[in-house]
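Undergrad: What follows is a structure written as structure tokens; I'll ask about it next.
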Amino acid sequence: MGVENVEEADNSSSVSDSIEGRLSNFNITSSNCYSISDVTIFKYCLGGLIDRALLLKELATFASEEELFRLANEVSVYSGCSHHRRQIVVAKRLIEEGTKIWNSISQNNCQIQWEKVIFEIEEQFMRITCSSTRSLTEQDFELLRRISGCQEYMGQENFEKIWRWLYPVAFTLASDPINTTWNSTSPKWIEGFITKEEAELSLQGPGGLQEPGTFVLRFPSSRSWPHPDAGSLIVTYVGSDYTVHHRLLSLDYIYSCEEREMNLKSLEQMLLAEPELSRLGRQDICF
């Protein structure tokens, strides 16, 4: 369990990178062709989210995935923390696939009806997550619409806002342990796409907050690529002080065990082993 109140801070030094194991074992074989300068690395380390997004978009046009892996490692060294790695590693695929999808659905039109776009969004989401059992709901699409800022029609800027949020989420769900938990709907271990406020509301009972230890698992709705928390999971739970807490879920252990093919507990078992968590809450929100 990571830092609390994660959605109220722009950057958290304690954020864990969910693909740490994969990156640490990655060997660069084309170092002689490495074209990303030290100046670029320092610009990324010192820049804000907008600067980083623009820089990664530029790099994605010429850098290979090997070079982005190396950039991810070097940013980790220079910045002193590893939580930027994941967003750098997925940058090329995120940008290329997003551009291809928008060009396909827009067909050179500036504005597309929302109802015509949502089917393509869902298809791409299920393709990336390799999920065939759990599709997106009306509640999920409502949050995506709010993230995009569009109404009846969607432009490219609206689509990019959705894609920068949705792709890291789908990338997280593509991992086998997380995918299994996502596809569990009875009970529903991972809520659909909900906001922090909606998660807090779901923990309310007839007489106030539910019992301490009651929790829901969600994605941070305010974190989009290349924010280091984009695609992470957050546990929202009732503490022993009868107040609601929000903690980032570290996925390091899950991924490292997966890489070493060890016998590991399921995500559900690990959550219930936490002393502050005892039972899954229910989502019951009316829009």
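Following the order of the structure tokens, chains are lettered A, B, ..., residues in each are numbered from 1, and ligands are numbered from 1.
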Got a sec: who's within 10 Å of region 195-209 of chain A, counting only C-alpha atoms, leaving out chain neighbours fewer than 4 positions off, as number ranges by chain?
TA: A: 7, 143, 191, 214-222, 234-239, 242-246, 280-286
Undergrad: Report the residues of region 20-247 of chain A whose backbone DSSP state falls under helix (DSSP H, G or I), written as a ChimeraX atom specification.
TA: /A:20-24,31-33,38-46,49-60,65-79,85-89,91-106,114-129,138-148,156-173,176-183,196-202
Undergrad: Show me, as JSON lines, the residues of region 163-255 of chain A having an atom within 12 Å of region 106-126 of chain A, each with the closest atom pair and its distance in Å, using only C-alpha atoms.
TA:
```
{"residue": "A:Trp163", "atom": "CA", "partner": "A:Ile121", "partner_atom": "CA", "distance": 8.6}
{"residue": "A:Trp165", "atom": "CA", "partner": "A:Phe125", "partner_atom": "CA", "distance": 11.4}
{"residue": "A:Leu166", "atom": "CA", "partner": "A:Phe125", "partner_atom": "CA", "distance": 7.6}
{"residue": "A:Tyr167", "atom": "CA", "partner": "A:Phe125", "partner_atom": "CA", "distance": 7.6}
{"residue": "A:Pro168", "atom": "CA", "partner": "A:Phe125", "partner_atom": "CA", "distance": 10.4}
{"residue": "A:Val169", "atom": "CA", "partner": "A:Phe125", "partner_atom": "CA", "distance": 9.0}
{"residue": "A:Ala170", "atom": "CA", "partner": "A:Phe125", "partner_atom": "CA", "distance": 6.1}
{"residue": "A:Phe171", "atom": "CA", "partner": "A:Phe125", "partner_atom": "CA", "distance": 9.2}
{"residue": "A:Thr172", "atom": "CA", "partner": "A:Phe125", "partner_atom": "CA", "distance": 11.4}
{"residue": "A:Leu173", "atom": "CA", "partner": "A:Phe125", "partner_atom": "CA", "distance": 9.7}
{"residue": "A:Ala174", "atom": "CA", "partner": "A:Met126", "partner_atom": "CA", "distance": 9.3}
{"residue": "A:Asn179", "atom": "CA", "partner": "A:Met126", "partner_atom": "CA", "distance": 10.9}
{"residue": "A:Trp182", "atom": "CA", "partner": "A:Met126", "partner_atom": "CA", "distance": 11.7}
{"residue": "A:Asn183", "atom": "CA", "partner": "A:Met126", "partner_atom": "CA", "distance": 11.3}
```
Undergrad: Output as a PyMOL selection string all residues of region 58-250 of chain A that backbone DSSP marks as strand (DSSP E or B).
TA: chain A and resi 112-113+153-154+185+188+190+204-205+208-209+214-218+233-238+244-249
Undergrad: Export, as a compact mmCIF listing (two decimals), in the first residue's frame, the selected residues with C-alpha atoms.
TA:
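As a result, result.txt now contains:
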```txt
# COMPACT_ATOMS: atom_id res chain seq x y z
CA ILE A 112 -17.54 12.98 -34.44
CA GLN A 113 -20.73 12.04 -32.63
CA TYR A 153 -19.64 15.65 -30.34
CA MET A 154 -15.98 14.74 -29.84
CA THR A 185 -17.80 -9.40 -11.22
CA LYS A 188 -16.87 -7.03 -8.33
CA ILE A 190 -12.37 -3.67 -9.17
CA GLN A 204 -21.76 5.08 2.96
CA GLY A 205 -24.36 2.95 4.73
CA GLY A 208 -23.17 6.76 7.87
CA LEU A 209 -19.92 5.11 6.90
CA THR A 214 -14.63 -1.87 4.11
CA PHE A 215 -12.98 -0.91 0.83
CA VAL A 216 -13.35 -0.49 -2.92
CA LEU A 217 -10.64 -0.75 -5.56
CA ARG A 218 -10.55 1.86 -8.32
CA LEU A 233 -4.95 1.18 -8.61
CA ILE A 234 -6.16 2.96 -5.49
CA VAL A 235 -7.76 1.41 -2.43
CA THR A 236 -10.46 3.63 -0.92
CA TYR A 237 -11.40 2.32 2.52
CA VAL A 238 -12.97 3.15 5.87
CA VAL A 244 -12.27 7.52 4.41
CA HIS A 245 -8.68 6.95 3.30
CA HIS A 246 -7.15 6.64 -0.18
CA ARG A 247 -3.94 4.68 -0.73
CA LEU A 248 -2.02 3.81 -3.86
CA LEU A 249 -1.67 0.07 -4.39
```
Undergrad: Just to confirm, what's the straight-line distance from CA of Glu142 (chain A) to CA of Phe193 (chain A) in Å (one decimal)?
TA: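 Atom-to-atom, CA of Glu142 (chain A) to CA of Phe193 (chain A), that is 8.6 Å.
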Undergrad: Separation of CA of Gly213 (chain A) and CA of Ser278 (chain A), in Å?
TA: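 Interatomic distance here is 4.7 Å.
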Undergrad: Name all residues at most 9 Å from Lys43 (chain A) (count only C-alpha atoms; drop same-chain ones fewer than 5 positions away) and give them as a list in words.
TA: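 Close residues of Lys43 (chain A): Asp38, Asp51, Arg52 and Leu55 of chain A.
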